[in-house]
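Structure file my_file-v9.cif (mmCIF, C-alpha atoms) is printed below.
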data_final
loop_
_atom_site.label_atom_id
_atom_site.label_comp_id
_atom_site.auth_asym_id
_atom_site.auth_seq_id
_atom_site.Cartn_x
_atom_site.Cartn_y
_atom_site.Cartn_z
CA MET A 231 120.75 23.25 55.68
CA SER A 232 119.09 21.30 58.40
CA SER A 233 116.47 19.08 56.86
CA GLU A 234 113.93 19.42 59.65
CA MET A 235 113.19 23.04 58.73
CA THR A 236 109.91 23.67 57.03
CA ALA A 237 107.55 26.57 56.55
CA GLU A 238 104.06 25.64 57.46
CA GLY A 239 102.60 28.35 59.62
CA GLY A 240 100.94 31.37 58.20
CA HIS A 241 103.57 33.69 59.60
CA GLY A 242 106.66 31.98 58.34
CA ALA A 243 109.14 29.24 58.72
CA VAL A 244 110.03 27.41 61.88
CA PRO A 245 110.83 23.81 62.61
CA THR A 246 107.66 21.75 62.73
CA SER A 247 109.38 18.38 62.74
CA ALA A 248 108.17 15.40 64.71
CA ASP A 249 110.15 16.33 67.82
CA VAL A 250 108.05 19.45 68.45
CA PRO A 251 105.75 18.30 71.27
CA VAL A 252 101.99 18.55 70.83
CA THR A 253 100.59 16.49 73.70
CA PRO A 254 99.48 18.61 76.68
CA THR A 255 101.78 18.23 79.68
CA PRO A 256 99.66 16.88 82.56
CA ALA A 257 101.75 18.62 85.23
CA ALA A 258 101.48 22.08 83.65
CA SER A 259 99.59 24.66 85.68
CA ARG A 260 96.03 24.80 84.35
CA ARG A 261 93.51 27.52 84.49
CA ASP A 262 90.21 25.88 85.25
CA TRP A 263 88.18 28.34 83.19
CA PRO A 264 85.65 26.51 81.02
CA LEU A 265 85.70 26.66 77.24
CA TYR A 266 82.85 28.68 75.73
CA GLU A 267 81.67 28.47 72.14
CA VAL A 268 80.76 31.87 70.67
CA PHE A 269 77.89 32.62 68.24
CA VAL A 270 77.38 36.01 66.59
CA ARG A 271 74.34 37.44 64.80
CA GLY A 272 75.92 39.43 61.97
CA LYS A 273 72.93 41.73 61.52
CA ARG A 274 69.22 41.80 62.17
CA GLY A 275 67.43 39.16 60.14
CA LEU A 276 70.28 36.63 60.21
CA ASN A 277 70.84 33.60 62.43
CA HIS A 278 73.56 33.49 65.04
CA VAL A 279 76.57 31.74 63.54
CA HIS A 280 79.40 29.95 65.33
CA VAL A 281 82.60 32.02 65.14
CA GLY A 282 85.03 30.35 67.56
CA SER A 283 85.69 29.77 71.22
CA LEU A 284 87.33 31.29 74.28
CA HIS A 285 87.95 30.59 77.95
CA ALA A 286 86.30 32.71 80.65
CA PRO A 287 85.65 32.39 84.39
CA ASP A 288 81.87 32.86 84.03
CA ASP A 289 79.09 33.49 81.50
CA GLU A 290 79.10 37.26 81.83
CA MET A 291 82.84 37.64 81.38
CA ALA A 292 82.60 35.24 78.43
CA VAL A 293 80.22 37.67 76.68
CA HIS A 294 82.56 40.60 77.34
CA ALA A 295 85.58 38.69 76.07
CA ALA A 296 83.62 37.56 72.99
CA ARG A 297 82.73 41.18 72.28
CA ASP A 298 86.42 42.17 72.29
CA LEU A 299 87.67 39.14 70.42
CA TYR A 300 85.06 38.55 67.73
CA THR A 301 83.37 41.92 67.06
CA ARG A 302 86.14 44.54 66.75
CA ARG A 303 84.71 45.76 63.41
CA ASN A 304 80.93 45.74 63.76
CA GLU A 305 80.77 42.04 62.91
CA GLY A 306 77.69 41.56 65.03
CA VAL A 307 74.62 42.94 66.78
CA SER A 308 74.15 40.08 69.24
CA ILE A 309 76.36 37.46 70.88
CA TRP A 310 75.54 34.07 72.39
CA VAL A 311 78.04 32.14 74.49
CA VAL A 312 77.51 28.59 75.66
CA LYS A 313 79.80 26.29 77.60
CA ALA A 314 81.25 23.78 75.14
CA ALA A 315 80.56 21.01 77.66
CA ASP A 316 76.82 21.80 77.50
CA ILE A 317 76.56 21.15 73.77
CA THR A 318 75.16 17.80 72.68
CA ALA A 319 76.15 16.93 69.13
CA SER A 320 75.58 14.11 66.69
CA SER A 321 78.69 12.06 66.09
CA PRO A 322 80.23 11.71 62.64
CA ASP A 323 80.16 7.94 63.22
CA GLU A 324 76.38 8.08 63.32
CA LYS A 325 76.12 9.80 59.99
CA ASP A 326 74.43 6.93 58.22
CA PRO A 327 71.64 6.05 60.69
CA MET A 328 71.31 9.73 61.61
CA PHE A 329 70.90 11.25 58.18
CA ALA A 330 70.13 8.33 55.85
CA PRO A 331 66.31 8.50 56.38
CA SER A 332 66.17 11.83 54.57
CA GLY A 333 68.19 10.36 51.70
CA ASP A 334 65.41 8.01 50.55
CA LYS A 335 62.53 10.46 51.03
CA VAL A 336 62.93 12.19 47.73
CA TYR A 337 59.21 13.07 47.76
CA ARG A 338 60.04 15.72 50.38
CA HIS A 339 61.68 17.84 47.71
CA PRO A 340 59.78 20.00 45.20
CA THR A 341 61.84 18.56 42.32
CA PHE A 342 60.16 15.15 42.90
CA TYR A 343 56.96 16.35 41.22
CA ASP A 344 56.57 16.66 37.45
CA ILE A 345 54.45 19.67 36.61
CA PRO A 346 53.97 20.76 32.98
CA GLU A 347 56.01 23.83 32.18
CA ASN A 348 52.98 25.78 31.00
CA VAL A 349 51.35 25.78 34.45
CA PRO A 350 51.85 29.39 35.59
CA HIS A 351 53.35 30.53 38.92
CA MET A 352 54.38 27.02 40.00
CA MET B 996 118.01 13.76 50.32
CA SER B 997 115.51 10.92 50.31
CA ALA B 998 112.00 11.07 48.92
CA PRO B 999 109.39 12.04 51.51
CA THR B 1000 107.55 9.09 52.99
CA LEU B 1001 103.81 9.52 53.13
CA GLU B 1002 102.08 8.26 56.23
CA ARG B 1003 100.58 4.76 56.01
CA PRO B 1004 97.61 3.86 58.21
CA ALA B 1005 97.42 0.85 60.50
CA PRO B 1006 95.39 -1.93 58.80
CA ASP B 1007 92.32 -1.74 61.10
CA ASP B 1008 91.98 1.98 60.43
CA SER B 1009 91.73 1.44 56.70
CA ALA B 1010 87.97 2.07 56.35
CA LEU B 1011 88.30 5.28 58.35
CA GLN B 1012 91.38 6.19 56.38
CA ASP B 1013 89.50 5.62 53.12
CA HIS B 1014 86.73 7.94 54.22
CA PHE B 1015 89.28 10.56 55.28
CA ASP B 1016 91.17 10.25 51.97
CA ALA B 1017 87.92 10.55 50.00
CA THR B 1018 87.01 13.72 51.91
CA ILE B 1019 90.42 15.25 51.16
CA ALA B 1020 90.31 14.11 47.51
CA ALA B 1021 86.90 15.76 47.06
CA ASP B 1022 88.40 18.97 48.52
CA HIS B 1023 85.84 18.83 51.33
CA ARG B 1024 86.75 19.96 54.83
CA ILE B 1025 87.74 17.81 57.79
CA GLU B 1026 85.85 18.88 60.91
CA PRO B 1027 86.82 18.46 64.57
CA ARG B 1028 84.83 15.32 65.40
CA ASP B 1029 85.86 13.46 62.24
CA TRP B 1030 88.32 10.62 62.39
CA MET B 1031 91.72 11.80 61.18
CA PRO B 1032 95.15 10.19 61.00
CA GLU B 1033 97.26 10.92 64.05
CA GLY B 1034 99.97 12.47 61.87
CA TYR B 1035 97.45 14.89 60.35
CA ARG B 1036 96.27 15.97 63.81
CA LYS B 1037 99.77 16.43 65.18
CA THR B 1038 101.05 18.27 62.11
CA LEU B 1039 98.08 20.64 62.32
CA ILE B 1040 98.67 21.33 66.01
CA ARG B 1041 102.32 22.13 65.31
CA GLN B 1042 101.47 24.34 62.34
CA ILE B 1043 98.58 26.22 63.95
CA ALA B 1044 100.37 26.59 67.30
CA GLN B 1045 103.48 28.07 65.72
CA HIS B 1046 101.23 30.41 63.75
CA ALA B 1047 99.38 31.43 66.93
CA HIS B 1048 102.67 31.97 68.79
CA SER B 1049 103.89 34.13 65.88
CA GLU B 1050 100.83 36.37 66.14
CA ILE B 1051 101.31 36.76 69.90
CA ILE B 1052 105.07 37.41 69.75
CA GLY B 1053 104.39 39.58 66.69
CA MET B 1054 102.74 42.16 68.94
CA GLN B 1055 106.13 43.06 70.42
CA PRO B 1056 108.18 44.62 67.59
CA GLU B 1057 105.42 47.11 66.80
CA GLY B 1058 104.26 47.38 70.41
CA ASP B 1059 107.64 48.96 71.12
CA TRP B 1060 106.46 52.03 69.18
CA LEU B 1061 103.05 52.49 70.80
CA LEU B 1062 104.30 55.12 73.23
CA ALA B 1063 106.42 56.86 70.61
CA ALA B 1064 103.95 57.04 67.71
CA PRO B 1065 104.34 60.43 66.03
CA SER B 1066 100.67 61.43 66.21
CA LEU B 1067 97.41 60.44 67.87
CA ARG B 1068 96.20 59.15 64.50
CA ARG B 1069 99.21 56.86 64.12
CA LYS B 1070 98.92 55.72 67.72
CA ALA B 1071 95.24 54.76 67.31
CA ILE B 1072 96.05 52.84 64.11
CA LEU B 1073 98.98 51.03 65.70
CA LEU B 1074 96.95 50.13 68.79
CA ALA B 1075 94.23 48.64 66.59
CA LYS B 1076 96.80 46.65 64.64
CA VAL B 1077 98.56 45.27 67.71
CA GLN B 1078 95.17 44.37 69.20
CA ASP B 1079 94.34 42.51 65.97
CA GLU B 1080 97.52 40.43 66.32
CA ALA B 1081 96.36 39.35 69.77
CA GLY B 1082 92.98 38.49 68.28
CA HIS B 1083 94.61 36.44 65.51
CA GLY B 1084 96.56 34.49 68.10
CA MET B 1085 93.32 33.76 69.97
CA TYR B 1086 91.43 32.59 66.84
CA LEU B 1087 94.28 30.18 66.16
CA TYR B 1088 94.61 28.85 69.72
CA SER B 1089 90.86 28.29 69.52
CA ALA B 1090 91.42 26.16 66.39
CA THR B 1091 94.15 24.11 68.12
CA GLU B 1092 91.77 23.29 70.96
CA THR B 1093 89.42 21.57 68.50
CA LEU B 1094 92.32 19.15 67.94
CA GLY B 1095 92.80 18.35 71.62
CA ALA B 1096 95.48 20.90 72.45
CA ASP B 1097 95.23 23.25 75.43
CA ARG B 1098 96.07 26.90 74.90
CA ALA B 1099 97.64 27.51 78.33
CA ASP B 1100 99.81 24.47 77.75
CA LEU B 1101 100.82 25.76 74.30
CA THR B 1102 101.85 29.07 75.85
CA ASP B 1103 103.98 27.18 78.37
CA LYS B 1104 105.62 25.25 75.52
CA LEU B 1105 106.37 28.52 73.71
CA ILE B 1106 107.97 30.04 76.81
CA GLU B 1107 109.97 26.86 77.45
CA GLN B 1108 111.14 27.06 73.80
CA LYS B 1109 109.69 23.64 72.95
CA GLN B 1110 107.62 25.29 70.23
CA LYS B 1111 108.77 28.10 67.95
CA TYR B 1112 107.42 31.24 66.34
CA SER B 1113 108.34 32.98 63.09
CA SER B 1114 111.98 34.05 62.83
CA ILE B 1115 110.94 37.47 61.49
CA PHE B 1116 109.95 38.73 64.95
CA ASN B 1117 113.49 38.33 66.25
CA TYR B 1118 114.63 41.48 64.46
CA PRO B 1119 114.45 44.88 66.21
CA THR B 1120 112.30 47.85 65.16
CA LEU B 1121 114.85 50.65 65.13
CA THR B 1122 112.82 53.54 63.68
CA TYR B 1123 109.19 54.39 63.02
CA ALA B 1124 109.72 53.50 59.36
CA ASP B 1125 110.06 49.89 60.57
CA VAL B 1126 106.38 49.99 61.58
CA GLY B 1127 105.50 50.89 57.98
CA VAL B 1128 107.82 48.30 56.46
CA ILE B 1129 106.47 45.57 58.73
CA GLY B 1130 102.96 46.39 57.56
CA TRP B 1131 103.95 46.52 53.91
CA LEU B 1132 106.44 43.64 53.62
CA VAL B 1133 106.01 41.38 56.65
CA ASP B 1134 102.22 41.50 56.61
CA GLY B 1135 102.33 41.36 52.81
CA ALA B 1136 104.33 38.13 53.03
CA ALA B 1137 101.93 36.84 55.67
CA ILE B 1138 99.01 37.53 53.31
CA CYS B 1139 100.80 35.56 50.54
CA ASN B 1140 101.18 32.65 52.94
CA GLN B 1141 97.73 32.92 54.46
CA VAL B 1142 95.36 33.46 51.55
CA PRO B 1143 95.90 29.86 50.31
CA LEU B 1144 95.40 28.63 53.89
CA CYS B 1145 91.81 29.92 53.74
CA ARG B 1146 91.31 26.69 51.73
CA SER B 1147 93.07 24.49 54.29
CA SER B 1148 91.48 21.04 54.50
CA TYR B 1149 90.91 21.53 58.24
CA GLY B 1150 87.69 23.51 58.70
CA PRO B 1151 88.44 25.44 61.91
CA TYR B 1152 91.87 26.52 60.61
CA ALA B 1153 90.46 27.62 57.25
CA ARG B 1154 87.72 29.65 58.97
CA ALA B 1155 90.21 31.32 61.31
CA MET B 1156 92.36 32.20 58.30
CA ILE B 1157 89.43 33.85 56.53
CA ARG B 1158 88.88 36.16 59.50
CA ILE B 1159 92.59 36.86 59.76
CA CYS B 1160 93.07 37.64 56.07
CA LYS B 1161 90.28 40.23 56.15
CA GLU B 1162 92.13 42.03 58.95
CA GLU B 1163 95.62 41.65 57.45
CA SER B 1164 94.53 43.75 54.51
CA PHE B 1165 94.13 46.71 56.88
CA HIS B 1166 97.59 45.95 58.30
CA GLN B 1167 99.30 46.05 54.93
CA ARG B 1168 97.51 49.16 53.70
CA GLN B 1169 98.20 51.17 56.86
CA GLY B 1170 101.89 50.27 56.53
CA TYR B 1171 102.12 51.29 52.89
CA GLU B 1172 100.26 54.53 53.56
CA LEU B 1173 102.63 55.32 56.43
CA LEU B 1174 105.60 54.81 54.08
CA MET B 1175 104.05 56.95 51.32
CA THR B 1176 103.64 59.72 53.88
CA MET B 1177 107.27 59.46 54.96
CA MET B 1178 108.46 59.38 51.33
CA ARG B 1179 106.67 62.71 50.76
CA GLY B 1180 108.52 64.13 53.78
CA THR B 1181 112.13 65.19 54.31
CA GLU B 1182 115.30 63.68 52.90
CA GLU B 1183 115.98 62.24 56.34
CA GLN B 1184 112.58 60.51 56.40
CA ARG B 1185 113.15 59.01 52.96
CA ALA B 1186 116.52 57.71 54.09
CA MET B 1187 114.83 56.18 57.12
CA VAL B 1188 112.37 54.29 54.88
CA GLN B 1189 115.18 53.03 52.64
CA ASP B 1190 117.17 51.89 55.68
CA ALA B 1191 114.16 49.97 57.00
CA VAL B 1192 113.62 48.30 53.60
CA ASP B 1193 117.33 47.36 53.52
CA ARG B 1194 117.08 45.66 56.91
CA TRP B 1195 113.72 43.89 56.46
CA TRP B 1196 113.81 42.72 52.82
CA TRP B 1197 115.90 39.56 53.23
CA PRO B 1198 114.42 38.43 56.57
CA THR B 1199 110.96 38.84 54.97
CA LEU B 1200 111.94 36.54 52.07
CA MET B 1201 113.07 33.98 54.67
CA MET B 1202 109.55 33.96 56.16
CA PHE B 1203 108.53 31.56 53.39
CA GLY B 1204 110.93 28.96 54.70
CA PRO B 1205 113.79 27.01 53.18
CA PRO B 1206 113.99 26.19 49.47
CA ASP B 1207 111.70 23.37 48.37
CA GLU B 1208 114.51 20.82 48.19
CA HIS B 1209 115.10 21.38 51.92
CA SER B 1210 111.48 21.23 52.97
CA PRO B 1211 110.86 17.52 53.50
CA ASN B 1212 107.41 17.83 55.05
CA THR B 1213 105.94 19.81 52.17
CA ALA B 1214 104.83 16.77 50.12
CA GLN B 1215 102.86 15.23 53.00
CA SER B 1216 101.33 18.59 53.97
CA MET B 1217 100.28 19.26 50.39
CA ALA B 1218 98.80 15.75 50.10
CA TRP B 1219 96.78 16.50 53.23
CA GLY B 1220 95.63 19.87 51.89
CA ILE B 1221 97.09 21.79 54.83
CA LYS B 1222 99.65 23.47 52.60
CA ARG B 1223 98.60 24.62 49.14
CA HIS B 1224 101.81 25.96 47.57
CA THR B 1225 105.50 25.27 48.07
CA ASN B 1226 107.81 27.71 49.87
CA ASP B 1227 109.53 28.77 46.65
CA GLU B 1228 106.25 29.32 44.78
CA LEU B 1229 105.04 31.65 47.51
CA ARG B 1230 108.38 33.46 47.76
CA GLN B 1231 108.37 34.09 44.00
CA LYS B 1232 104.81 35.36 44.13
CA PHE B 1233 105.72 37.75 46.92
CA VAL B 1234 108.75 39.14 45.04
CA ASP B 1235 106.66 39.64 41.90
CA MET B 1236 104.04 41.53 43.89
CA SER B 1237 106.50 43.65 45.88
CA VAL B 1238 108.83 45.00 43.18
CA PRO B 1239 106.23 47.27 41.51
CA GLN B 1240 105.10 48.43 44.95
CA ALA B 1241 108.71 49.37 45.79
CA ASP B 1242 108.99 51.25 42.49
CA PHE B 1243 105.83 53.19 43.19
CA LEU B 1244 107.08 54.04 46.66
CA GLY B 1245 110.47 55.13 45.30
CA VAL B 1246 112.63 52.77 47.35
CA THR B 1247 115.35 50.40 46.14
CA ILE B 1248 115.19 46.70 46.97
CA PRO B 1249 118.63 45.75 48.35
CA ASP B 1250 119.36 43.04 45.80
CA PRO B 1251 121.76 43.79 42.90
CA GLU B 1252 120.68 40.56 41.20
CA LEU B 1253 117.00 41.48 41.12
CA GLU B 1254 115.94 41.47 37.48
CA PHE B 1255 112.78 40.88 35.48
CA ASP B 1256 112.94 37.78 33.32
CA PRO B 1257 110.69 38.41 30.29
CA GLU B 1258 110.74 34.70 29.41
CA THR B 1259 109.21 33.47 32.65
CA GLY B 1260 107.36 36.68 33.50
CA HIS B 1261 108.92 36.57 36.98
CA TYR B 1262 111.67 38.46 38.79
CA ARG B 1263 114.96 36.66 39.36
CA PHE B 1264 116.49 37.43 42.74
CA GLY B 1265 119.70 36.78 44.68
CA ARG B 1266 120.56 34.00 47.09
CA LEU B 1267 119.22 34.14 50.63
CA ASP B 1268 121.60 33.81 53.59
CA TRP B 1269 120.27 30.54 55.01
CA GLU B 1270 122.99 30.46 57.63
CA GLU B 1271 121.47 33.60 59.14
CA PHE B 1272 118.03 31.99 59.00
CA LYS B 1273 119.31 28.92 60.86
CA ARG B 1274 120.98 31.06 63.51
CA VAL B 1275 117.82 33.10 64.13
CA VAL B 1276 115.57 30.02 64.27
CA ALA B 1277 118.06 28.43 66.66
CA GLY B 1278 117.59 31.36 69.05
CA GLN B 1279 120.58 33.53 68.16
CA GLY B 1280 118.68 36.35 66.45
CA PRO B 1281 119.08 39.88 67.82
CA MET B 1282 115.83 39.81 69.79
CA ASN B 1283 115.04 36.15 70.62
CA ALA B 1284 115.85 36.46 74.33
CA VAL B 1285 113.97 39.76 74.71
CA ARG B 1286 110.82 38.42 72.99
CA LEU B 1287 110.65 35.30 75.15
CA ALA B 1288 111.47 37.14 78.38
CA ARG B 1289 108.62 39.56 77.75
CA ARG B 1290 106.18 36.76 76.94
CA ARG B 1291 107.19 34.99 80.15
CA ALA B 1292 106.73 38.21 82.15
CA ALA B 1293 103.29 38.73 80.60
CA ARG B 1294 102.24 35.26 81.75
CA ASP B 1295 103.74 35.45 85.24
CA ASP B 1296 103.22 39.11 86.15
CA ASN B 1297 99.60 39.09 84.99
CA ALA B 1298 98.66 35.82 86.72
CA TRP B 1299 96.98 37.85 89.49
CA ILE B 1300 94.41 39.15 86.96
CA THR B 1301 93.39 35.60 86.11
CA GLU B 1302 93.19 34.76 89.81
CA ALA B 1303 91.13 37.89 90.57
CA ALA B 1304 88.67 37.08 87.77
CA THR B 1305 88.34 33.51 89.02
CA ALA B 1306 87.69 34.77 92.58
CA TYR B 1307 85.13 37.28 91.31
CA ALA B 1308 83.32 34.58 89.33
CA ALA B 1309 83.26 32.26 92.37
CA LYS B 1310 81.88 34.99 94.63
CA HIS B 1311 79.32 36.01 92.04
CA ALA B 1312 78.15 32.39 91.67
CA GLU B 1313 77.77 32.08 95.47
CA GLY B 1314 75.65 35.22 95.59
CA ALA B 1315 73.39 33.95 92.80
CA ALA B 1316 72.96 30.50 94.41
#
What would the structure in this file look like if it were written as structure tokens?
Amino acid sequence: MSSEMTAEGGHGAVPTSADVPVTPTPAASRRDWPLYEVFVRGKRGLNHVHVGSLHAPDDEMAVHAARDLYTRRNEGVSIWVVKAADITASSPDEKDPMFAPSGDKVYRHPTFYDIPENVPHM
Amino acid sequence: MSAPTLERPAPDDSALQDHFDATIAADHRIEPRDWMPEGYRKTLIRQIAQHAHSEIIGMQPEGDWLLAAPSLRRKAILLAKVQDEAGHGMYLYSATETLGADRADLTDKLIEQKQKYSSIFNYPTLTYADVGVIGWLVDGAAICNQVPLCRSSYGPYARAMIRICKEESFHQRQGYELLMTMMRGTEEQRAMVQDAVDRWWWPTLMMFGPPDEHSPNTAQSMAWGIKRHTNDELRQKFVDMSVPQADFLGVTIPDPELEFDPETGHYRFGRLDWEEFKRVVAGQGPMNAVRLARRRAARDDNAWITEAATAYAAKHAEGAA
């Protein structure tokens, strides 16, 4: 038994040893279609939720592809697509300065306030 | 065989490594923009890419029966299933791209045989009963493998697996229903089902990979939370689930050593032919060359569609400007 065999994919066993390449080959022919992130509103009354991504040549074709890929079973009533490059996100490295201020403002939460239990409807 | 060596971080990464380790230890998820050890990222790309490739190549064995499905009902079901496999491949390529991979590049690596797909898809589908047995056993084994991966430590992979598992349930049930229908049919149809079970049983058990003592990466993958059970644990679970289903169906599992062990509560089963497994993984299975040739043709012969869509988008953008 070759020792570099291992089963790690969901569909069964193949070699996934260190000699399987993972770095993109620069010379490989590239499609220049942008990456779109896809958001689906599951039903009326809910927010759009991120479901995944796809490549498409333009916005309109991205919506059509998202319809086929992410809503084959009535998973949604509305789709948003947005180019991944157009998303501005906080960085995990900023997590302290970014989110710490809310950590020490405990008075923003209802549990901060002691109200006697016999006050009704509170 | 030597004990597996767990990856050690470079000294200056130790604070980041500590944060990563704490996230894993708390069973929280790692998300795309988090720092992660290079080995974790690369192992995930290999694992998710081979899974994606398996879904894409997995369209072929059943796709061979689309034009020969015995009724419109069966054809509609099979079309939906094959379309799902394409969708599963896309969800997974999407997850690899959050790790810095490029899906067109991964496809090239598949076609150039630098990356692999599951050995199970290198067996031929000889009769329509094979479509049913693939749904019942192959997708059943996939579900065994995949349900624990819904708790993978890598967020995008876990979320893709949740979507996939919901759809796999349809795959398995349609297969079992197809087989029940055939078993209610003629003697010839029942023989066809038994023949398909005889051919697919052992290759399906191989889907879980080599025995634990020959799976050197398992310890690291389990420490990272990207594998939740060992190969042998999953294989045992699958056998225990499948035997009563075979009994209900009225087929015989082709293993004279298969026997319930009342002490352990599990079925004992015979030895797998790992030499066959190695041959098939190495490219000498009955259908390896056909599967790859068709994938290559799909990329090359359909390139004009990609070019036409790009040209349409460019023209459309000009008109709007």
**Report entry** Counting only C-alpha atoms, chain B residues within 8 Å of chain A, as a PyMOL selection string
**Finding:** chain B and resi 1028-1029+1037-1038+1040-1043+1045-1046+1049-1050+1082+1085-1086+1089-1090+1096-1097+1099-1101+1103+1109-1115+1136-1137+1140-1141+1144+1201-1205+1209-1213+1222+1226+1269-1270+1273+1276+1304-1305+1308
Query raised in the report: Got a sec: who's within 10 Å of Arg1266 (chain B), counting all atoms listed in the file, leaving out chain neighbours fewer than 6 positions off, as a ChimeraX atom specification?
Result: /B:1197,1250,1252
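With all atoms listed in the file as the atoms that count, the minimum distance from Glu305 (chain A) to the choices B:Gly1265, B:Arg1158, B:Ile1248, B:Arg1068 is reached by B:Arg1158.
Note that the spacing between CA of Asn304 (chain A) and CA of Lys273 (chain A) amounts to 9.2 Å.
Interatomic distance, CA of His1166 (chain B) against CA of Gly1127 (chain B): 9.3 Å.
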